[in-house]
>>> print(open('start_2.txt').read())   # compact mmCIF, C-alpha atoms
# COMPACT_ATOMS: atom_id res chain seq x y z
CA MET A 447 10.75 83.60 -8.60
CA THR A 448 13.97 85.53 -8.94
CA SER A 449 17.35 84.48 -7.67
CA ASP A 450 20.36 86.59 -6.95
CA SER A 451 22.85 86.94 -9.74
CA PRO A 452 26.18 85.19 -9.15
CA LEU A 453 27.61 88.68 -9.73
CA LYS A 454 25.97 90.08 -6.59
CA ASP A 455 28.57 91.90 -4.48
CA ARG A 456 31.45 90.86 -6.76
CA SER A 457 34.33 93.30 -6.95
CA ILE A 458 34.93 94.45 -10.52
CA LEU A 459 37.44 96.86 -12.04
CA VAL A 460 36.33 98.51 -15.27
CA VAL A 461 38.94 100.39 -17.31
CA ASP A 462 37.91 102.52 -20.28
CA ASP A 463 38.87 105.98 -21.47
CA GLU A 464 35.25 106.80 -22.33
CA PRO A 465 33.30 107.95 -19.23
CA ASP A 466 29.95 107.12 -20.89
CA VAL A 467 31.05 103.49 -21.31
CA LEU A 468 32.04 103.32 -17.64
CA GLU A 469 28.68 104.76 -16.65
CA THR A 470 26.79 102.29 -18.83
CA VAL A 471 28.74 99.33 -17.44
CA GLU A 472 28.07 100.55 -13.88
CA GLU A 473 24.34 100.68 -14.66
CA GLU A 474 24.38 97.17 -16.17
CA LEU A 475 26.29 95.79 -13.18
CA ASP A 476 24.49 97.63 -10.39
CA MET A 477 24.60 94.49 -8.22
CA CYS A 478 28.42 94.60 -8.17
CA ILE A 479 31.02 96.65 -6.34
CA ILE A 480 32.58 98.63 -9.18
CA ARG A 481 35.82 100.56 -9.35
CA THR A 482 36.56 102.49 -12.52
CA ALA A 483 39.66 103.91 -14.16
CA THR A 484 39.95 106.04 -17.27
CA ASP A 485 43.69 105.61 -17.80
CA TYR A 486 46.52 103.10 -17.61
CA GLU A 487 48.22 104.60 -14.53
CA THR A 488 45.07 104.61 -12.40
CA ALA A 489 44.24 101.08 -13.52
CA MET A 490 47.72 99.88 -12.54
CA GLN A 491 47.28 101.42 -9.08
CA TYR A 492 43.97 99.58 -8.65
CA LEU A 493 45.45 96.29 -9.89
CA ALA A 494 48.35 96.63 -7.44
CA GLY A 495 46.24 97.70 -4.47
CA TYR A 496 43.02 95.69 -4.61
CA THR A 497 41.67 92.25 -5.33
CA PHE A 498 39.03 91.85 -8.04
CA ASP A 499 36.68 89.04 -8.97
CA ILE A 500 36.71 90.28 -12.58
CA VAL A 501 38.62 92.95 -14.49
CA ILE A 502 37.06 94.47 -17.61
CA LEU A 503 39.44 96.25 -19.97
CA ASP A 504 39.10 98.37 -23.06
CA ILE A 505 41.93 97.80 -25.52
CA MET A 506 42.55 101.19 -27.09
CA GLY A 507 43.10 104.38 -25.13
CA VAL A 508 44.17 102.65 -21.91
CA ASN A 509 46.91 100.28 -23.13
CA GLY A 510 44.56 97.36 -22.56
CA PHE A 511 46.90 94.57 -23.59
CA GLU A 512 49.56 95.70 -21.10
CA LEU A 513 46.89 95.92 -18.40
CA LEU A 514 45.70 92.44 -19.43
CA LYS A 515 49.18 91.02 -18.85
CA ASP A 516 49.31 92.59 -15.39
CA ALA A 517 45.78 91.54 -14.40
CA VAL A 518 46.38 87.95 -15.52
CA SER A 519 49.72 87.81 -13.70
CA ARG A 520 47.83 88.77 -10.53
CA GLY A 521 45.28 86.00 -11.09
CA PHE A 522 42.31 88.24 -11.97
CA PRO A 523 39.86 86.82 -14.53
CA THR A 524 39.94 89.46 -17.25
CA VAL A 525 37.43 90.29 -19.96
CA MET A 526 38.26 92.51 -22.91
CA LEU A 527 35.52 94.95 -23.94
CA THR A 528 36.21 96.81 -27.16
CA ALA A 529 34.75 98.67 -30.10
CA HIS A 530 37.55 100.08 -32.23
CA ALA A 531 39.88 97.10 -31.76
CA LEU A 532 37.20 94.54 -32.60
CA SER A 533 39.13 92.24 -34.93
CA PRO A 534 40.27 88.62 -35.17
CA GLU A 535 43.82 89.82 -34.39
CA ALA A 536 42.73 91.53 -31.15
CA LEU A 537 40.66 88.46 -30.21
CA LYS A 538 43.65 86.17 -30.82
CA LYS A 539 45.97 88.42 -28.81
CA SER A 540 43.45 88.51 -25.96
CA ILE A 541 43.25 84.71 -25.91
CA ASN A 542 47.04 84.35 -26.03
CA LEU A 543 47.56 86.87 -23.21
CA GLY A 544 45.12 85.05 -20.92
CA ALA A 545 41.80 86.90 -21.16
CA VAL A 546 38.81 84.75 -20.22
CA SER A 547 36.38 86.47 -22.61
CA PHE A 548 36.14 89.21 -25.24
CA LEU A 549 33.07 91.34 -25.89
CA PRO A 550 32.10 93.98 -28.40
CA LYS A 551 30.98 97.18 -26.69
CA GLU A 552 27.72 97.06 -28.58
CA LYS A 553 26.93 93.94 -26.52
CA ILE A 554 27.14 95.84 -23.19
CA PRO A 555 23.40 95.22 -22.61
CA GLU A 556 24.32 91.49 -22.43
CA LEU A 557 27.43 92.04 -20.27
CA LYS A 558 25.80 90.68 -17.12
CA SER A 559 25.10 87.33 -18.78
CA PHE A 560 28.66 87.01 -20.10
CA LEU A 561 30.16 87.88 -16.72
CA GLU A 562 27.86 85.43 -14.95
CA ASP A 563 29.36 82.74 -17.21
CA VAL A 564 32.82 83.79 -15.97
CA VAL A 565 31.79 83.61 -12.30
CA ILE A 566 29.93 80.30 -12.73
CA GLY A 567 32.99 78.96 -14.56
CA GLY A 568 35.20 79.80 -11.58
CA GLY A 569 37.04 82.59 -13.38
CA LYS A 570 38.37 80.18 -16.01
CA PRO A 571 38.16 81.00 -19.73
CA VAL A 572 34.64 80.74 -21.11
CA TRP A 573 35.52 80.88 -24.80
CA HIS A 574 33.16 78.03 -25.74
CA LYS A 575 30.20 79.95 -24.31
CA LEU A 576 31.35 83.16 -25.97
CA PHE A 577 31.61 81.49 -29.38
CA ASP A 578 28.21 79.83 -28.86
CA LYS A 579 26.57 83.15 -27.99
CA LEU A 580 28.46 85.38 -30.44
CA GLY A 581 29.36 82.99 -33.24
CA SER A 582 26.90 84.49 -35.71
CA TYR A 583 27.89 88.01 -34.65
CA PHE A 584 31.57 87.29 -35.32
CA LYS A 585 30.75 85.69 -38.69
CA LYS A 586 28.78 88.77 -39.67
CA ARG A 587 31.51 91.09 -38.44
CA PHE A 588 34.65 89.19 -39.55
CA GLY A 589 33.28 87.22 -42.50
CA PRO A 590 31.57 83.81 -42.74
CA ASP A 591 34.80 81.81 -42.86
CA TRP A 592 36.93 83.91 -40.52
CA GLN A 593 37.80 80.95 -38.29
CA GLU A 594 38.83 78.74 -41.20
CA GLN A 595 41.09 81.47 -42.61
CA ASP A 596 43.30 81.46 -39.54
CA ARG A 597 44.94 78.24 -38.39
CA PHE A 598 45.01 79.52 -34.79
CA PHE A 599 41.22 79.87 -34.63
CA LYS A 600 40.57 76.65 -36.49
CA GLU A 601 42.70 74.73 -33.98
CA PHE A 602 41.42 76.74 -31.02
CA VAL A 603 37.76 76.03 -31.83
CA GLU A 604 38.51 72.33 -32.43
CA GLU A 605 40.26 72.19 -29.05
CA LEU A 606 37.23 73.83 -27.38
CA LYS A 607 34.92 71.22 -28.96
CA THR A 608 37.21 68.39 -27.85
CA ASN A 609 37.33 69.72 -24.29
CA ILE A 610 33.53 70.05 -24.15
CA LYS A 611 33.11 66.43 -25.32
CA ALA A 612 35.66 65.23 -22.77
CA GLN A 613 33.75 66.97 -19.95
CA SER A 614 30.41 65.39 -20.90
>>> encode(input="start_2.txt", output="structure tokens")
Amino acid sequence: MTSDSPLKDRSILVVDDEPDVLETVEEELDMCIIRTATDYETAMQYLAGYTFDIVILDIMGVNGFELLKDAVSRGFPTVMLTAHALSPEALKKSINLGAVSFLPKEKIPELKSFLEDVVIGGGKPVWHKLFDKLGSYFKKRFGPDWQEQDRFFKEFVEELKTNIKAQS
């Protein structure tokens, strides 16, 4: 028995300067209504002229953090999708600017699952689910004690745990 994805017919803007990434995301999210932009100016026009259920932004090449500020100010749940800017600093900046999730491009085959978490969560941040799913990936990529090395992440993760306990 199969059920429809909560992403079915959702309107999504994907912004990346690499056409092959846009094509891959479109294939992964074939149940969605996708608009794509390869540059900052086009993305800003889409953000100003349309409503989106989710916005997916690259960081480098398209001025992703500036687009993130604009998308968040318009109330669009925004996910950062990056390869070259995959770092604790970029993750922290994404959190602070209001992104709801942050994915490495090499995880594009799992994008649907991560975005379903965003939709099921009502467009609110899903950092606890991201850290559950990608915790070992981040440790491998950033180092085993990357969260403990940065007070922001240590406190952020503790706050996530506290919020999860409070909801149970």
>>> closest_residue(input="start_2.txt", among="A:Ser519, A:Ser533, A:Ser451, A:Asn542", to="Phe598 (chain A)", atoms="all atoms listed in the file")
A:Asn542
>>> closest_residue(input="start_2.txt", among="A:Val565, A:Phe577, A:Phe599, A:Ile479", to="Glu535 (chain A)", atoms="only C-alpha atoms")
A:Phe599
>>> closest_residue(input="start_2.txt", among="A:Ala536, A:Ile610, A:Gly521, A:Ile554", to="Val572 (chain A)", atoms="all atoms listed in the file")
A:Ile610
>>> atom_distance(input="start_2.txt", atom1="CA of Val525 (chain A)", atom2="CA of Ser540 (chain A)")
8.7 Å
>>> closest_residue(input="start_2.txt", among="A:Val603, A:Gln595, A:Arg456, A:Glu512", to="Gly581 (chain A)", atoms="all atoms listed in the file")
A:Val603
>>> residues_near_point(input="start_2.txt", point="(36.0, 101.9, -7.4)", cutoff="10 Å", atoms="all atoms listed in the file", output="short mmCIF file (atom, residue, chain, number, x, y, z; two decimals) with C-alpha atoms, in the frame of the given file")
data_model
loop_
_atom_site.label_atom_id
_atom_site.label_comp_id
_atom_site.auth_asym_id
_atom_site.auth_seq_id
_atom_site.Cartn_x
_atom_site.Cartn_y
_atom_site.Cartn_z
CA SER A 457 34.33 93.30 -6.95
CA ILE A 458 34.93 94.45 -10.52
CA LEU A 459 37.44 96.86 -12.04
CA VAL A 460 36.33 98.51 -15.27
CA ILE A 479 31.02 96.65 -6.34
CA ILE A 480 32.58 98.63 -9.18
CA ARG A 481 35.82 100.56 -9.35
CA THR A 482 36.56 102.49 -12.52
CA ALA A 483 39.66 103.91 -14.16
CA TYR A 492 43.97 99.58 -8.65
CA TYR A 496 43.02 95.69 -4.61
#
>>> closest_residue(input="start_2.txt", among="A:Ala529, A:Ile541, A:Thr608, A:Gln613", to="Arg587 (chain A)", atoms="all atoms listed in the file")
A:Ala529
>>> closest_residue(input="start_2.txt", among="A:Leu580, A:Trp573, A:Leu537, A:Glu604", to="Glu552 (chain A)", atoms="all atoms listed in the file")
A:Leu580
>>> residues_around(input="start_2.txt", residues="Gly510 (chain A)", least_positions_apart="3", cutoff="10 Å", atoms="all atoms listed in the file", output="number ranges by chain")
A: 461-462, 485-486, 489, 502-507, 513-516, 526-528, 540
>>> residues_near_point(input="start_2.txt", point="(23.5, 102.9, -23.5)", cutoff="8 Å", atoms="all atoms listed in the file", output="list in words")
Val467, Thr470, Ile554 and Pro555 of chain A
>>> write_last_selection(input="start_2.txt", atoms="C-alpha atoms", output="compact mmCIF listing (two decimals), keeping the file's coordinate frame")
# COMPACT_ATOMS: atom_id res chain seq x y z
CA VAL A 467 31.05 103.49 -21.31
CA THR A 470 26.79 102.29 -18.83
CA ILE A 554 27.14 95.84 -23.19
CA PRO A 555 23.40 95.22 -22.61
>>> residues_around(input="start_2.txt", residues="Lys579 (chain A)", least_positions_apart="5", cutoff="12 Å", atoms="all atoms listed in the file", output="number ranges by chain")
A: 547-549, 553, 556-557, 559-560, 563, 572-574, 584-585
>>> atom_distance(input="start_2.txt", atom1="CA of Pro590 (chain A)", atom2="CA of Lys551 (chain A)")
20.9 Å
>>> atom_distance(input="start_2.txt", atom1="CA of Gly567 (chain A)", atom2="CA of Glu594 (chain A)")
27.3 Å
>>> decode(input="start_2.txt", residues="region 474-595 of chain A", atoms="C-alpha atoms", output="short mmCIF file (atom, residue, chain, number, x, y, z; two decimals), in the first residue's frame")
data_model
loop_
_atom_site.label_atom_id
_atom_site.label_comp_id
_atom_site.auth_asym_id
_atom_site.auth_seq_id
_atom_site.Cartn_x
_atom_site.Cartn_y
_atom_site.Cartn_z
CA GLU A 474 13.88 13.69 -6.87
CA LEU A 475 10.85 15.92 -6.32
CA ASP A 476 8.80 14.95 -9.37
CA MET A 477 5.61 15.04 -7.28
CA CYS A 478 6.07 18.78 -6.64
CA ILE A 479 5.52 21.93 -8.65
CA ILE A 480 9.08 23.18 -9.11
CA ARG A 481 10.39 26.57 -10.15
CA THR A 482 14.13 26.94 -10.61
CA ALA A 483 16.55 29.84 -10.68
CA THR A 484 20.26 29.84 -11.44
CA ASP A 485 21.04 33.31 -10.11
CA TYR A 486 20.22 35.76 -7.33
CA GLU A 487 18.21 38.19 -9.47
CA THR A 488 15.88 35.53 -10.89
CA ALA A 489 15.43 34.03 -7.43
CA MET A 490 14.48 37.43 -6.00
CA GLN A 491 11.88 37.87 -8.75
CA TYR A 492 10.36 34.49 -7.89
CA LEU A 493 10.38 35.23 -4.15
CA ALA A 494 8.64 38.56 -4.77
CA GLY A 495 6.09 37.23 -7.25
CA TYR A 496 5.04 33.79 -6.01
CA THR A 497 4.18 31.87 -2.89
CA PHE A 498 6.17 28.74 -2.06
CA ASP A 499 5.63 25.89 0.36
CA ILE A 500 9.42 25.41 0.55
CA VAL A 501 12.43 27.27 -0.80
CA ILE A 502 15.69 25.36 -1.36
CA LEU A 503 18.83 27.48 -1.64
CA ASP A 504 22.44 26.86 -2.52
CA ILE A 505 24.80 29.07 -0.54
CA MET A 506 27.64 29.83 -2.93
CA GLY A 507 27.17 31.18 -6.43
CA VAL A 508 23.68 32.59 -5.82
CA ASN A 509 24.20 34.70 -2.67
CA GLY A 510 22.25 32.13 -0.70
CA PHE A 511 22.38 33.82 2.69
CA GLU A 512 20.88 37.03 1.28
CA LEU A 513 18.18 34.97 -0.43
CA LEU A 514 17.60 33.15 2.88
CA LYS A 515 16.95 36.45 4.64
CA ASP A 516 14.42 37.44 1.98
CA ALA A 517 12.68 34.05 1.88
CA VAL A 518 12.37 33.92 5.67
CA SER A 519 11.06 37.50 5.80
CA ARG A 520 8.31 36.40 3.39
CA GLY A 521 7.43 33.43 5.61
CA PHE A 522 8.74 30.69 3.30
CA PRO A 523 10.23 27.62 5.03
CA THR A 524 13.75 27.55 3.64
CA VAL A 525 16.24 24.71 3.37
CA MET A 526 19.90 25.27 2.60
CA LEU A 527 21.46 22.74 0.20
CA THR A 528 25.21 23.06 -0.19
CA ALA A 529 28.44 21.33 -1.09
CA HIS A 530 31.28 23.85 -1.05
CA ALA A 531 29.96 25.79 1.96
CA LEU A 532 29.40 22.68 4.06
CA SER A 533 30.86 23.80 7.38
CA PRO A 534 29.81 24.36 10.99
CA GLU A 535 30.00 28.12 10.32
CA ALA A 536 27.57 27.92 7.38
CA LEU A 537 25.27 25.66 9.41
CA LYS A 538 25.29 28.13 12.31
CA LYS A 539 24.62 31.08 10.00
CA SER A 540 21.75 29.18 8.37
CA ILE A 541 20.19 28.47 11.77
CA ASN A 542 20.62 32.09 12.91
CA LEU A 543 19.10 33.47 9.69
CA GLY A 544 16.01 31.29 10.03
CA ALA A 545 16.54 28.27 7.76
CA VAL A 546 14.48 25.24 8.79
CA SER A 547 17.03 22.66 7.61
CA PHE A 548 20.47 22.31 6.01
CA LEU A 549 21.52 19.50 3.71
CA PRO A 550 24.73 18.44 2.03
CA LYS A 551 24.29 18.12 -1.74
CA GLU A 552 25.57 14.57 -1.58
CA LYS A 553 22.37 13.76 0.34
CA ILE A 554 20.10 14.85 -2.55
CA PRO A 555 18.88 11.25 -2.95
CA GLU A 556 17.37 11.66 0.56
CA LEU A 557 15.99 15.16 -0.10
CA LYS A 558 12.38 13.99 -0.33
CA SER A 559 12.49 12.53 3.18
CA PHE A 560 14.01 15.70 4.66
CA LEU A 561 11.45 17.92 2.94
CA GLU A 562 8.59 15.69 4.06
CA ASP A 563 9.79 16.35 7.63
CA VAL A 564 9.49 20.09 6.91
CA VAL A 565 5.95 19.76 5.53
CA ILE A 566 4.81 17.41 8.34
CA GLY A 567 6.33 19.86 10.83
CA GLY A 568 4.22 22.68 9.42
CA GLY A 569 7.18 24.52 7.91
CA LYS A 570 8.79 24.98 11.32
CA PRO A 571 12.48 24.18 11.89
CA VAL A 572 13.21 20.46 11.93
CA TRP A 573 16.74 20.65 13.32
CA HIS A 574 16.19 17.78 15.78
CA LYS A 575 15.27 15.44 12.92
CA LEU A 576 18.19 16.68 10.83
CA PHE A 577 20.67 16.06 13.65
CA ASP A 578 19.13 12.62 14.28
CA LYS A 579 19.44 11.65 10.62
CA LEU A 580 22.78 13.33 9.86
CA GLY A 581 24.51 13.35 13.24
CA SER A 582 27.05 10.69 12.28
CA TYR A 583 27.58 12.34 8.89
CA PHE A 584 28.36 15.69 10.52
CA LYS A 585 30.70 14.04 13.04
CA LYS A 586 32.57 12.36 10.20
CA ARG A 587 32.68 15.57 8.18
CA PHE A 588 33.33 18.15 10.94
CA GLY A 589 35.08 15.99 13.54
CA PRO A 590 33.76 13.81 16.39
CA ASP A 591 33.48 16.66 18.89
CA TRP A 592 32.43 19.46 16.56
CA GLN A 593 29.35 20.32 18.62
CA GLU A 594 31.26 20.47 21.89
CA GLN A 595 33.89 22.77 20.36
#
